[in-house]
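*Asks:* I'm passing along work00.cif; it holds mmCIF, C-alpha atoms.
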data_query
#
loop_
_atom_site.label_atom_id
_atom_site.label_comp_id
_atom_site.auth_asym_id
_atom_site.auth_seq_id
_atom_site.Cartn_x
_atom_site.Cartn_y
_atom_site.Cartn_z
CA MET A 932 0.00 0.00 0.00
CA VAL A 933 1.30 3.38 -0.95
CA LYS A 934 0.87 5.83 1.88
CA ASP A 935 -1.06 8.61 0.21
CA ASN A 936 -0.88 10.93 -2.73
CA ASP A 937 -0.48 14.12 -0.77
CA ARG A 938 2.82 15.02 -2.37
CA GLN A 939 3.07 18.74 -2.84
CA PRO A 940 2.98 19.92 -6.46
CA GLY A 941 6.25 21.83 -6.29
CA GLU A 942 8.17 19.15 -4.45
CA PRO A 943 11.31 18.10 -6.30
CA GLU A 944 11.51 14.56 -7.56
CA PRO A 945 13.63 12.36 -5.33
CA ALA A 946 16.99 11.42 -6.83
CA GLY A 947 17.42 8.03 -8.44
CA GLY A 948 14.14 7.79 -10.30
CA GLU A 949 10.55 8.46 -9.39
CA PRO A 950 9.17 6.19 -6.71
CA ASP A 951 5.61 6.42 -7.93
CA ALA A 952 6.20 6.59 -11.66
CA ALA A 953 5.06 3.10 -12.43
CA SER A 954 6.50 1.09 -15.31
CA PRO A 955 4.69 1.22 -18.66
CA ALA A 956 3.59 -2.39 -18.16
CA SER A 957 1.92 -1.67 -14.84
CA GLN A 958 0.30 1.44 -16.34
CA ILE A 959 -1.26 -0.69 -19.05
CA GLY A 960 -2.30 -3.19 -16.39
CA ALA A 961 -3.98 -0.45 -14.34
CA PHE A 962 -5.76 0.87 -17.43
CA ALA A 963 -6.91 -2.66 -18.31
CA ARG A 964 -8.20 -3.30 -14.79
CA GLY A 965 -10.15 -0.05 -14.96
CA PHE A 966 -11.48 -0.89 -18.41
CA SER A 967 -12.51 -4.38 -17.25
CA LEU A 968 -15.46 -2.62 -15.57
CA ILE A 969 -17.08 -2.62 -19.01
CA VAL A 970 -18.59 -5.86 -17.66
CA SER A 971 -20.07 -4.68 -14.37
CA VAL A 972 -23.29 -3.51 -12.76
CA PRO A 973 -22.52 0.19 -13.25
CA SER A 974 -21.79 -0.39 -16.96
CA ALA A 975 -25.05 -2.28 -17.33
CA LEU A 976 -26.83 0.65 -15.66
CA LEU A 977 -25.19 3.18 -17.96
CA PHE A 978 -26.09 1.03 -20.94
CA SER A 979 -29.72 1.02 -19.75
CA ALA A 980 -29.67 4.74 -19.10
CA GLY A 981 -28.24 5.20 -22.60
CA LEU A 982 -31.08 3.11 -24.03
CA GLY A 983 -33.58 5.53 -22.56
CA PHE A 984 -31.64 8.53 -23.84
CA GLY A 985 -31.26 7.18 -27.37
CA ALA A 986 -35.01 6.66 -27.59
CA LEU A 987 -35.65 10.15 -26.21
CA ALA A 988 -33.30 11.75 -28.77
CA ARG A 989 -34.94 9.95 -31.65
CA ASP A 990 -38.38 11.05 -30.42
CA GLY A 991 -37.06 14.61 -30.33
CA GLY A 992 -36.12 14.43 -33.99
CA PHE A 993 -32.34 14.22 -33.62
CA SER A 994 -30.23 12.31 -36.13
CA VAL A 995 -28.13 9.35 -35.06
CA ALA A 996 -24.92 11.40 -35.54
CA HIS A 997 -26.29 14.21 -33.36
CA THR A 998 -27.21 11.66 -30.70
CA ALA A 999 -23.70 10.20 -30.77
CA LEU A 1000 -22.16 13.67 -30.48
CA ILE A 1001 -24.37 14.55 -27.52
CA THR A 1002 -23.69 11.33 -25.59
CA GLY A 1003 -20.00 11.14 -26.45
CA GLY A 1004 -19.24 14.82 -26.05
CA MET A 1005 -21.30 15.51 -22.94
CA PHE A 1006 -21.32 12.15 -21.12
CA ALA A 1007 -23.57 13.51 -18.37
CA LEU A 1008 -27.08 12.13 -18.65
CA PRO A 1009 -29.15 14.81 -16.87
CA ASN A 1010 -27.52 17.50 -19.05
CA GLN A 1011 -28.14 15.49 -22.19
CA VAL A 1012 -31.80 15.19 -21.30
CA VAL A 1013 -32.06 18.94 -20.66
CA LEU A 1014 -30.34 19.74 -23.98
CA VAL A 1015 -32.52 17.43 -26.06
CA ASP A 1016 -35.69 18.48 -24.29
CA GLN A 1017 -35.05 22.21 -24.67
CA LEU A 1018 -33.90 22.03 -28.29
CA ALA A 1019 -36.88 19.88 -29.21
CA ARG A 1020 -39.10 22.65 -27.82
CA ASN A 1021 -37.28 25.21 -29.97
CA GLU A 1022 -36.05 27.26 -27.02
CA ALA A 1023 -33.57 30.06 -27.70
CA LEU A 1024 -30.00 28.84 -27.99
CA LEU A 1025 -28.73 31.02 -25.15
CA ALA A 1026 -31.48 29.81 -22.82
CA VAL A 1027 -30.63 26.21 -23.72
CA ALA A 1028 -26.94 26.72 -23.04
CA PHE A 1029 -27.76 28.34 -19.71
CA ALA A 1030 -30.03 25.49 -18.60
CA VAL A 1031 -27.40 22.95 -19.62
CA THR A 1032 -24.54 24.71 -17.88
CA LEU A 1033 -26.59 25.13 -14.70
CA THR A 1034 -27.28 21.40 -14.68
CA ALA A 1035 -23.60 20.70 -15.36
CA LEU A 1036 -22.40 22.79 -12.43
CA ARG A 1037 -22.58 19.68 -10.26
CA LEU A 1038 -19.58 18.36 -12.19
CA LEU A 1039 -17.38 21.04 -10.60
CA PRO A 1040 -17.35 19.70 -7.01
CA MET A 1041 -17.26 16.15 -8.36
CA THR A 1042 -14.19 16.88 -10.49
CA VAL A 1043 -12.49 18.79 -7.68
CA THR A 1044 -12.72 15.73 -5.42
CA ILE A 1045 -11.27 13.34 -8.01
CA VAL A 1046 -8.45 15.45 -9.48
CA PRO A 1047 -6.13 15.37 -6.42
CA PHE A 1048 -6.05 11.58 -6.75
CA LEU A 1049 -5.05 11.81 -10.42
CA LYS A 1050 -2.00 13.93 -9.81
CA GLY A 1051 1.32 12.14 -10.14
CA VAL A 1052 4.82 13.47 -9.62
CA ARG A 1053 4.88 15.05 -13.06
CA PRO A 1054 1.96 17.10 -14.37
CA ARG A 1055 0.34 15.51 -17.42
CA PRO A 1056 -2.07 18.24 -18.56
CA ALA A 1057 -3.24 16.58 -21.78
CA LEU A 1058 -4.03 13.22 -20.18
CA GLU A 1059 -5.60 14.91 -17.14
CA THR A 1060 -7.88 16.93 -19.43
CA VAL A 1061 -8.97 13.72 -21.12
CA ALA A 1062 -9.41 12.05 -17.72
CA VAL A 1063 -11.80 14.70 -16.37
CA HIS A 1064 -14.08 14.25 -19.37
CA PHE A 1065 -14.97 10.87 -17.86
CA ILE A 1066 -16.26 12.43 -14.65
CA ALA A 1067 -19.98 11.88 -14.27
CA VAL A 1068 -21.88 10.44 -11.32
CA THR A 1069 -21.13 6.76 -11.99
CA PRO A 1070 -17.37 7.10 -12.65
CA TRP A 1071 -17.19 9.52 -9.73
CA ILE A 1072 -18.69 6.94 -7.39
CA GLU A 1073 -16.44 4.15 -8.67
CA SER A 1074 -13.25 6.24 -8.67
CA GLN A 1075 -13.97 7.59 -5.17
CA ARG A 1076 -14.26 4.01 -4.02
CA ARG A 1077 -11.24 2.58 -5.85
CA LEU A 1078 -8.56 5.23 -6.31
CA PRO A 1079 -7.50 5.82 -2.67
CA SER A 1080 -6.31 2.22 -2.27
CA ILE A 1081 -4.39 2.15 -5.57
CA PRO A 1082 -0.70 3.22 -5.74
CA SER A 1083 -0.69 6.90 -6.66
CA GLY A 1084 1.26 6.37 -9.90
CA LEU A 1085 -1.46 4.07 -11.25
CA ARG A 1086 -4.54 6.10 -10.38
CA LEU A 1087 -4.69 8.20 -13.54
CA ALA A 1088 -4.48 5.11 -15.76
CA THR A 1089 -7.14 3.32 -13.69
CA HIS A 1090 -9.49 6.27 -13.84
CA VAL A 1091 -9.09 6.68 -17.61
CA GLY A 1092 -9.68 2.93 -18.03
CA LEU A 1093 -12.89 2.80 -16.03
CA GLY A 1094 -14.07 6.11 -17.45
CA LEU A 1095 -13.62 4.86 -21.00
CA ALA A 1096 -15.48 1.64 -20.12
CA PHE A 1097 -18.47 3.57 -18.75
CA TRP A 1098 -18.36 5.98 -21.68
CA ALA A 1099 -18.39 3.07 -24.13
CA ALA A 1100 -21.28 1.42 -22.27
CA MET A 1101 -23.35 4.59 -22.47
CA MET A 1102 -22.50 5.12 -26.16
CA ALA A 1103 -23.51 1.55 -26.96
CA GLY A 1104 -26.72 2.01 -24.97
CA SER A 1105 -27.58 5.28 -26.73
CA MET A 1106 -27.09 3.78 -30.17
CA ALA A 1107 -29.13 0.69 -29.26
CA GLY A 1108 -31.84 2.89 -27.75
CA TYR A 1109 -31.91 4.98 -30.91
CA ALA A 1110 -32.35 1.86 -33.01
CA LEU A 1111 -34.98 0.33 -30.70
CA ALA A 1112 -36.98 3.51 -30.02
CA GLY A 1113 -40.68 2.83 -29.81
CA SER A 1114 -40.37 -0.96 -29.66
CA VAL A 1115 -39.58 -1.28 -25.94
CA PRO A 1116 -42.62 -1.53 -23.60
CA ALA A 1117 -43.09 1.53 -21.37
CA MET A 1118 -42.92 -0.66 -18.25
CA VAL A 1119 -39.44 -1.81 -19.15
CA THR A 1120 -38.27 1.73 -19.94
CA ALA A 1121 -39.67 2.95 -16.61
CA THR A 1122 -37.85 0.17 -14.76
CA LEU A 1123 -34.58 0.93 -16.56
CA LEU A 1124 -34.92 4.60 -15.59
CA PHE A 1125 -35.50 3.54 -11.98
CA LEU A 1126 -32.19 1.64 -11.79
CA THR A 1127 -30.16 4.86 -11.80
CA PRO A 1128 -31.44 6.54 -8.60
CA ILE A 1129 -31.43 3.36 -6.52
CA TYR A 1130 -27.92 2.52 -7.72
CA PHE A 1131 -26.72 6.06 -6.93
CA LEU A 1132 -28.11 5.98 -3.40
CA LEU A 1133 -26.88 2.50 -2.48
CA SER A 1134 -23.43 3.30 -3.91
CA LEU A 1135 -23.27 6.52 -1.92
CA LEU A 1136 -24.11 4.54 1.23
CA ALA A 1137 -21.56 1.87 0.31
CA THR A 1138 -18.83 4.47 -0.34
CA ALA A 1139 -19.52 6.55 2.77
CA ARG A 1140 -16.35 6.45 4.81
CA VAL A 1141 -17.02 8.93 7.57
CA ARG A 1142 -19.98 10.37 9.46
CA MET A 1143 -19.89 13.50 7.29
CA ASP A 1144 -20.69 11.44 4.17
CA LEU A 1145 -23.79 9.92 5.75
CA ILE A 1146 -25.03 13.29 7.02
CA ALA A 1147 -24.52 14.73 3.52
CA VAL A 1148 -26.50 11.87 1.95
CA GLY A 1149 -29.35 12.30 4.44
CA LEU A 1150 -29.52 16.07 4.12
CA GLY A 1151 -29.23 15.93 0.33
CA CYS A 1152 -32.12 13.48 0.05
CA ALA A 1153 -34.30 15.50 2.42
CA LEU A 1154 -33.57 18.99 1.08
CA ALA A 1155 -33.82 18.31 -2.65
CA PRO A 1156 -37.63 17.92 -2.92
CA VAL A 1157 -38.23 21.06 -0.85
CA LEU A 1158 -35.75 23.13 -2.84
CA TYR A 1159 -37.05 21.70 -6.11
CA LEU A 1160 -40.39 23.33 -5.32
CA LEU A 1161 -38.88 26.52 -3.88
CA VAL A 1162 -36.10 27.29 -6.38
CA PRO A 1163 -36.61 25.15 -9.49
CA GLY A 1164 -33.53 25.13 -11.71
CA PHE A 1165 -31.22 25.99 -8.84
CA ASP A 1166 -32.46 23.19 -6.59
CA LEU A 1167 -29.51 20.81 -6.94
CA LEU A 1168 -26.99 23.58 -6.52
CA ALA A 1169 -28.78 24.84 -3.41
CA THR A 1170 -29.12 21.29 -2.07
CA GLY A 1171 -25.40 20.68 -2.50
CA LEU A 1172 -24.34 23.97 -0.94
CA ILE A 1173 -26.76 23.92 2.02
CA GLY A 1174 -26.70 20.19 2.73
CA GLY A 1175 -22.97 19.84 2.11
CA THR A 1176 -22.03 22.84 4.23
CA LEU A 1177 -24.22 21.64 7.11
CA ALA A 1178 -22.72 18.14 6.89
CA PHE A 1179 -19.24 19.66 6.84
CA LEU A 1180 -19.98 21.80 9.91
CA LEU A 1181 -21.58 18.90 11.78
CA ARG A 1182 -18.80 16.45 10.99
CA ARG A 1183 -16.98 16.73 14.30
CA ARG A 1184 -20.00 17.03 16.55
CA ARG A 1185 -21.43 13.92 18.27
CA ALA A 1186 -18.70 11.86 16.68
CA MET B 665 -35.65 21.29 -34.93
CA SER B 666 -35.30 23.70 -37.82
CA PHE B 667 -31.80 24.90 -36.99
CA LEU B 668 -30.44 21.41 -36.36
CA GLY B 669 -31.22 20.20 -39.83
CA ASP B 670 -28.45 21.89 -41.79
CA GLY B 671 -25.10 20.14 -41.45
CA PHE B 672 -22.48 22.31 -39.80
CA GLY B 673 -24.83 24.66 -37.95
CA GLY B 674 -26.49 21.79 -36.13
CA TYR B 675 -23.20 20.37 -34.90
CA LEU B 676 -22.01 23.81 -33.84
CA THR B 677 -25.20 24.30 -31.82
CA LEU B 678 -24.71 21.00 -30.01
CA ILE B 679 -21.04 21.69 -29.36
CA LEU B 680 -21.67 25.16 -27.94
CA ALA B 681 -24.90 24.65 -25.99
CA GLY B 682 -24.20 21.03 -25.05
CA VAL B 683 -20.59 19.92 -25.02
CA LEU B 684 -18.82 23.15 -24.04
CA ALA B 685 -21.55 24.24 -21.60
CA THR B 686 -20.92 20.95 -19.80
CA GLU B 687 -17.19 20.47 -20.19
CA VAL B 688 -16.27 23.92 -18.86
CA TRP B 689 -17.07 22.79 -15.28
CA ARG B 690 -14.82 19.77 -15.61
CA TRP B 691 -11.97 21.98 -16.80
CA LEU B 692 -12.56 24.40 -13.94
CA GLY B 693 -12.65 21.43 -11.56
CA LEU B 694 -9.28 20.32 -12.91
CA VAL B 695 -7.78 23.74 -12.20
CA VAL B 696 -9.29 24.05 -8.70
CA GLY B 697 -8.75 20.41 -7.74
CA SER B 698 -5.06 20.61 -8.67
CA ARG B 699 -4.54 23.09 -5.86
CA LEU B 700 -6.36 21.22 -3.09
CA ASP B 701 -4.89 18.89 -0.50
CA VAL B 702 -7.00 15.77 0.11
CA ALA B 703 -6.50 16.05 3.88
CA GLY B 704 -7.47 19.74 4.08
CA ALA B 705 -10.76 21.26 5.17
CA PRO B 706 -11.61 22.86 1.77
CA PHE B 707 -11.41 19.45 0.10
CA GLN B 708 -13.62 17.90 2.78
CA TRP B 709 -16.19 20.65 2.32
CA VAL B 710 -16.28 20.19 -1.47
CA ARG B 711 -16.69 16.46 -0.96
CA ALA B 712 -19.66 17.05 1.33
CA VAL B 713 -21.21 19.42 -1.23
CA ALA B 714 -20.76 16.88 -4.04
CA THR B 715 -22.22 14.08 -1.92
CA ALA B 716 -25.28 16.12 -0.88
CA LEU B 717 -25.80 17.22 -4.48
CA VAL B 718 -25.76 13.70 -5.89
CA SER B 719 -28.08 12.54 -3.08
CA GLY B 720 -30.43 15.36 -4.01
CA LEU B 721 -30.37 14.14 -7.60
CA VAL B 722 -31.54 10.74 -6.31
CA THR B 723 -34.65 12.05 -4.56
CA ARG B 724 -35.43 14.29 -7.51
CA MET B 725 -35.25 11.36 -9.92
CA VAL B 726 -37.60 9.30 -7.74
CA LEU B 727 -40.10 12.01 -6.75
CA PHE B 728 -40.10 14.10 -9.94
CA PRO B 729 -39.04 11.69 -12.67
CA ALA B 730 -38.87 12.30 -16.41
CA GLY B 731 -40.08 10.11 -19.24
CA ALA B 732 -41.78 6.74 -18.76
CA LEU B 733 -41.06 6.62 -15.03
CA ALA B 734 -43.39 9.59 -14.49
CA ASP B 735 -46.31 7.34 -15.45
CA VAL B 736 -45.55 4.90 -12.61
CA PRO B 737 -47.57 5.81 -9.48
CA LEU B 738 -45.64 7.52 -6.70
CA TRP B 739 -46.40 4.81 -4.13
CA MET B 740 -44.83 2.19 -6.40
CA ARG B 741 -41.69 4.23 -6.88
CA LEU B 742 -41.36 4.95 -3.14
CA GLY B 743 -42.18 1.38 -2.15
CA ALA B 744 -39.65 -0.19 -4.53
CA PHE B 745 -37.05 2.36 -3.49
CA ALA B 746 -37.55 1.74 0.24
CA ALA B 747 -37.50 -2.02 -0.32
CA GLY B 748 -34.21 -1.72 -2.21
CA VAL B 749 -32.60 0.23 0.64
CA ALA B 750 -33.95 -2.20 3.25
CA LEU B 751 -32.69 -5.25 1.34
CA TYR B 752 -29.31 -3.63 0.83
CA LEU B 753 -28.99 -3.17 4.61
CA LEU B 754 -30.35 -6.65 5.41
CA LEU B 755 -28.09 -8.40 2.91
CA ARG B 756 -24.87 -7.06 4.43
CA ARG B 757 -24.65 -3.97 2.25
CA ASN B 758 -24.90 -5.73 -1.08
CA VAL B 759 -25.43 -3.01 -3.72
CA VAL B 760 -26.21 -5.41 -6.57
CA ALA B 761 -28.86 -7.26 -4.56
CA GLY B 762 -30.47 -4.02 -3.48
CA VAL B 763 -30.59 -2.57 -6.99
CA GLY B 764 -31.81 -5.83 -8.55
CA ALA B 765 -34.54 -6.43 -5.98
CA SER B 766 -35.75 -2.85 -6.19
CA ALA B 767 -36.05 -2.93 -9.99
CA ALA B 768 -37.70 -6.38 -9.94
CA LEU B 769 -40.29 -5.12 -7.44
CA LEU B 770 -41.07 -2.07 -9.53
CA LEU B 771 -41.57 -4.18 -12.64
CA ALA B 772 -43.71 -6.72 -10.73
CA ALA B 773 -45.87 -3.98 -9.24
CA GLN B 774 -46.50 -2.49 -12.68
CA LEU B 775 -47.41 -5.90 -14.09
CA MET B 776 -49.84 -6.66 -11.27
CA VAL B 777 -51.62 -3.34 -11.15
CA ARG B 778 -52.25 -2.69 -14.78
#
I need this file expressed as structure tokens, please.

*Replies:*
Amino acid sequence: MVKDNDRQPGEPEPAGGEPDAASPASQIGAFARGFSLIVSVPSALLFSAGLGFGALARDGGFSVAHTALITGGMFALPNQVVLVDQLARNEALLAVAFAVTLTALRLLPMTVTIVPFLKGVRPRPALETVAVHFIAVTPWIESQRRLPSIPSGLRLATHVGLGLAFWAAMMAGSMAGYALAGSVPAMVTATLLFLTPIYFLLSLLATARVRMDLIAVGLGCALAPVLYLLVPGFDLLATGLIGGTLAFLLRRRRA
Amino acid sequence: MSFLGDGFGGYLTLILAGVLATEVWRWLGLVVGSRLDVAGAPFQWVRAVATALVSGLVTRMVLFPAGALADVPLWMRLGAFAAGVALYLLLRRNVVAGVGASAALLLAAQLMVR
């Protein structure tokens, strides 16, 4: 077990080679282990979620190439749904972009909490930029769970591997959903859509390491419906800020 | 969909209003996250915010769903959800069992009631 990855950015590399710069072979191994999640429950869920999205995009009148661009380029399901929904209603482009970016704001805190684990001794800006594209709820949950126990030199490769696996699962799902649109019974579609929230919640509970995490989950679940009715559009942002800040402040009390 | 029909303009629309509007937060997260120490208080706070936010997304998806799930009665959604959480806890925190049982219940309930 490598101690931790809290090496300071400006710290000089130790003489005689880099202790956490893993060999190319182990990098490929880490990438492959990450990518092996292409056969996993989260990949199956993303495939199912993609099915629903592909059907939605086709109903909205989008071409198959547009659908592929949206899923591949955005890789954040709630935002994709907002984009397709708003464009299909012929909303003004600026209003659409605003609604999408507001929904995407959640990716900021999620990325911030993954990036420190991706940092090696040397900065690798290009690869890191690619790596953050794969941050969405599912990869965030899986990377949060896996990265801390992986040697720091192998974390970036692992994250890119699992991110690419989830991305591929969702792309495959979207394309299949586009092809199958209209021929899947509504009951099945509804059940597939239901898999995502229950998987998110159980994974959050399974990943919770400290009291603060559990308080944040509880407050988030409780606040969201209230704020959805009070400040629609800003509800998730407000839920995160209020619930998260309270959980953070309460983390040392009644420990 | 008038403005999405013509080749280049349609792609440009999707790239600006979709891809870039989304990706910009990931890039900002990369910049901010590069300066944070995992053990520090700011990082812990951001983690709490992210966790609460994703949890909020869960309740929103169950209570105010989009698409076909909106046609499933609320009591079915809540019942299947609660059963999934209960089974997860009973079966020694098994995520797969919880998710599978919850989805199976929702499908069964829809089949029986209709």

*Asks:* Looking at only C-alpha atoms, which of A:Gly1084, A:Gly1092, A:Trp1098, A:Lys1050 is the one that sits closest to Met1005 (chain A)?

*Replies:* A:Trp1098

*Asks:* Name the residues in contact with region 724-734 of chain B at a cut-off of 8 Å, using all atoms listed in the file, excluding same-chain residues fewer than 6 positions from it; report them as JSON, numbers by chain.

*Replies:* {"A": [1117, 1118, 1120, 1121, 1122, 1124, 1125, 1128, 1155, 1156, 1159], "B": [741, 742]}

*Asks:* Taking 3 positions as the minimum chain separation for residues in the same chain, which residues sit within 9 Å of region 752-758 of chain B when counting only C-alpha atoms? Answer as a ChimeraX atom specification.

*Replies:* /A:1133,1136-1137 /B:747-749,761-763

*Asks:* Report as a PDB file with C-alpha atoms, in the frame of the given file all protein, DNA and RNA residues lying within 6 Å of Ala744 (chain B), evaluated on only C-alpha atoms, omitting residues in the same chain fewer than 6 positions from it.

*Replies:*
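Now in result.pdb:
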ATOM      1  CA  SER B 766     -35.750  -2.850  -6.190  1.00  0.00           C
ATOM      2  CA  LEU B 769     -40.290  -5.120  -7.440  1.00  0.00           C
ATOM      3  CA  LEU B 770     -41.070  -2.070  -9.530  1.00  0.00           C
TER       4      LEU B 770
END

*Asks:* Pick out the residues sitting within 12 Å of Phe672 (chain B), and hand them over as a PDB file with C-alpha atoms, in the frame of the given file; count only C-alpha atoms, and ignore anything fewer than 5 positions along from it in its own chain.

*Replies:*
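Output contents, as saved in out10.pdb:
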ATOM      1  CA  ALA A 996     -24.920  11.400 -35.540  1.00  0.00           C
ATOM      2  CA  HIS A 997     -26.290  14.210 -33.360  1.00  0.00           C
TER       3      HIS A 997
ATOM      4  CA  PHE B 667     -31.800  24.900 -36.990  1.00  0.00           C
ATOM      5  CA  THR B 677     -25.200  24.300 -31.820  1.00  0.00           C
ATOM      6  CA  LEU B 678     -24.710  21.000 -30.010  1.00  0.00           C
ATOM      7  CA  ILE B 679     -21.040  21.690 -29.360  1.00  0.00           C
TER       8      ILE B 679
END

*Asks:* Please evaluate the PyMOL selection byres ((chain A and resi 1061) around 12) against the structure above and give the resulting residues as a PyMOL selection string.

*Replies:* (chain A and resi 1004+1046+1049+1055-1060+1062-1066+1087-1088+1090-1092+1094-1095) or (chain B and resi 687+690-691+694)

*Asks:* Can you pull out every residue within 8 Å of region 1102-1105 of chain A, counting all atoms listed in the file, but drop anything in the same chain fewer than 6 positions away, and send it as a list in words?

*Replies:*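 Close residues of region 1102-1105 of chain A: Leu977, Phe978, Ser979, Ala980, Gly981, Leu982, Gly983, Phe984, Gly985, Ala986, Thr998, Ala999, Thr1002 and Gly1003 of chain A.
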
*Asks:* The PyMOL selection byres ((chain A and resi 1014) around 9) - which residues does that actually catch in the file I just gave you? List them as a list in words.

*Replies:*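 Applying the PyMOL selection byres ((chain A and resi 1014) around 9) to the structure shown produces Ile1001, Pro1009, Asn1010, Gln1011, Val1012, Val1013, Val1015, Asp1016, Gln1017, Leu1018, Ala1019, Val1027, Ala1028, Ala1030 and Val1031 of chain A; Leu678, Ala681 and Gly682 of chain B.
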
*Asks:* Expand the PyMOL selection byres ((chain A and resi 1071) around 12) into the explicit residue set it covers here, and present it as a ChimeraX atom specification.

*Replies:* /A:973,1007,1037-1046,1048,1062-1070,1072-1078,1090-1091,1093-1094,1097,1131,1134-1135,1138 /B:711,714-715,718

*Asks:* So, counting all atoms listed in the file, which residue among A:Val995, A:Gly1113, A:Cys1152, A:Arg1053 is closest to Leu1132 (chain A)?

*Replies:*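 Distance minimum relative to Leu1132 (chain A) lands on A:Cys1152.
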
*Asks:* With all atoms listed in the file as the basis for distance, which of A:Pro1054, A:Gly1175, A:Gly1164, A:Gly1149 is at the shortest distance from chain B?

*Replies:*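 Nearest candidate to chain B out of A:Pro1054, A:Gly1175, A:Gly1164, A:Gly1149: A:Gly1175.
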
*Asks:* Rank B:Gly693, B:Gly673, B:Gly743, B:Pro737 by their smallest atom-to-atom distance to chain A, using only C-alpha atoms, and report the top residue only.

*Replies:* B:Gly693

*Asks:* Have a look at CA of Leu1036 (chain A) and CA of Val760 (chain B) and let me know their distance in Å, one decimal.

*Replies:* 29.1 Å

*Asks:* What does the distance between CA of Val710 (chain B) and CA of Thr1034 (chain A) come to in Å, to one decimal place?

*Replies:*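 Going from CA of Val710 (chain B) over to CA of Thr1034 (chain A) covers 17.2 Å.
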
*Asks:* Quick one: pull the distance between CA of Leu684 (chain B) and CA of Pro1047 (chain A), Å, one decimal.

*Replies:* 23.1 Å

*Asks:* Once 5 Å is added on each side, what are the centre and the three edge lengths, in Å to one decimal, of the axis-aligned box enclosing the listed atoms of region 1002-1008 of chain A? Present them as lines of an AutoDock Vina configuration file.

*Replies:*
center_x = -23.2
center_y = 13.3
center_z = -22.4
size_x = 17.8
size_y = 14.4
size_z = 18.1

*Asks:* Generate the coordinates of N, CA and C atoms for region 1149-1164 of chain A; report them as a short mmCIF file (atom, residue, chain, number, x, y, z; two decimals), in the coordinates of the input.

*Replies:*
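Output saved as part-v3.cif:
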data_model
loop_
_atom_site.label_atom_id
_atom_site.label_comp_id
_atom_site.auth_asym_id
_atom_site.auth_seq_id
_atom_site.Cartn_x
_atom_site.Cartn_y
_atom_site.Cartn_z
N GLY A 1149 -28.04 12.10 3.82
CA GLY A 1149 -29.35 12.30 4.44
C GLY A 1149 -29.91 13.69 4.15
N LEU A 1150 -29.07 14.70 4.35
CA LEU A 1150 -29.52 16.07 4.12
C LEU A 1150 -29.84 16.31 2.65
N GLY A 1151 -29.00 15.76 1.77
CA GLY A 1151 -29.23 15.93 0.33
C GLY A 1151 -30.58 15.35 -0.09
N CYS A 1152 -30.85 14.14 0.39
CA CYS A 1152 -32.12 13.48 0.05
C CYS A 1152 -33.31 14.27 0.58
N ALA A 1153 -33.17 14.81 1.79
CA ALA A 1153 -34.30 15.50 2.42
C ALA A 1153 -34.52 16.90 1.84
N LEU A 1154 -33.43 17.59 1.53
CA LEU A 1154 -33.57 18.99 1.08
C LEU A 1154 -34.03 19.10 -0.37
N ALA A 1155 -33.59 18.17 -1.21
CA ALA A 1155 -33.82 18.31 -2.65
C ALA A 1155 -35.29 18.53 -3.03
N PRO A 1156 -36.23 17.71 -2.50
CA PRO A 1156 -37.63 17.92 -2.92
C PRO A 1156 -38.16 19.29 -2.52
N VAL A 1157 -37.78 19.75 -1.32
CA VAL A 1157 -38.23 21.06 -0.85
C VAL A 1157 -37.68 22.15 -1.76
N LEU A 1158 -36.38 22.09 -2.04
CA LEU A 1158 -35.75 23.13 -2.84
C LEU A 1158 -36.19 23.06 -4.30
N TYR A 1159 -36.55 21.86 -4.74
CA TYR A 1159 -37.05 21.70 -6.11
C TYR A 1159 -38.32 22.53 -6.30
N LEU A 1160 -39.14 22.56 -5.24
CA LEU A 1160 -40.39 23.33 -5.32
C LEU A 1160 -40.14 24.81 -5.07
N LEU A 1161 -39.15 25.12 -4.23
CA LEU A 1161 -38.88 26.52 -3.88
C LEU A 1161 -38.08 27.24 -4.96
N VAL A 1162 -36.98 26.62 -5.41
CA VAL A 1162 -36.10 27.29 -6.38
C VAL A 1162 -35.81 26.36 -7.55
N PRO A 1163 -36.82 26.07 -8.36
CA PRO A 1163 -36.61 25.15 -9.49
C PRO A 1163 -35.49 25.66 -10.40
N GLY A 1164 -34.66 24.74 -10.86
CA GLY A 1164 -33.53 25.13 -11.71
C GLY A 1164 -32.25 25.24 -10.89
#
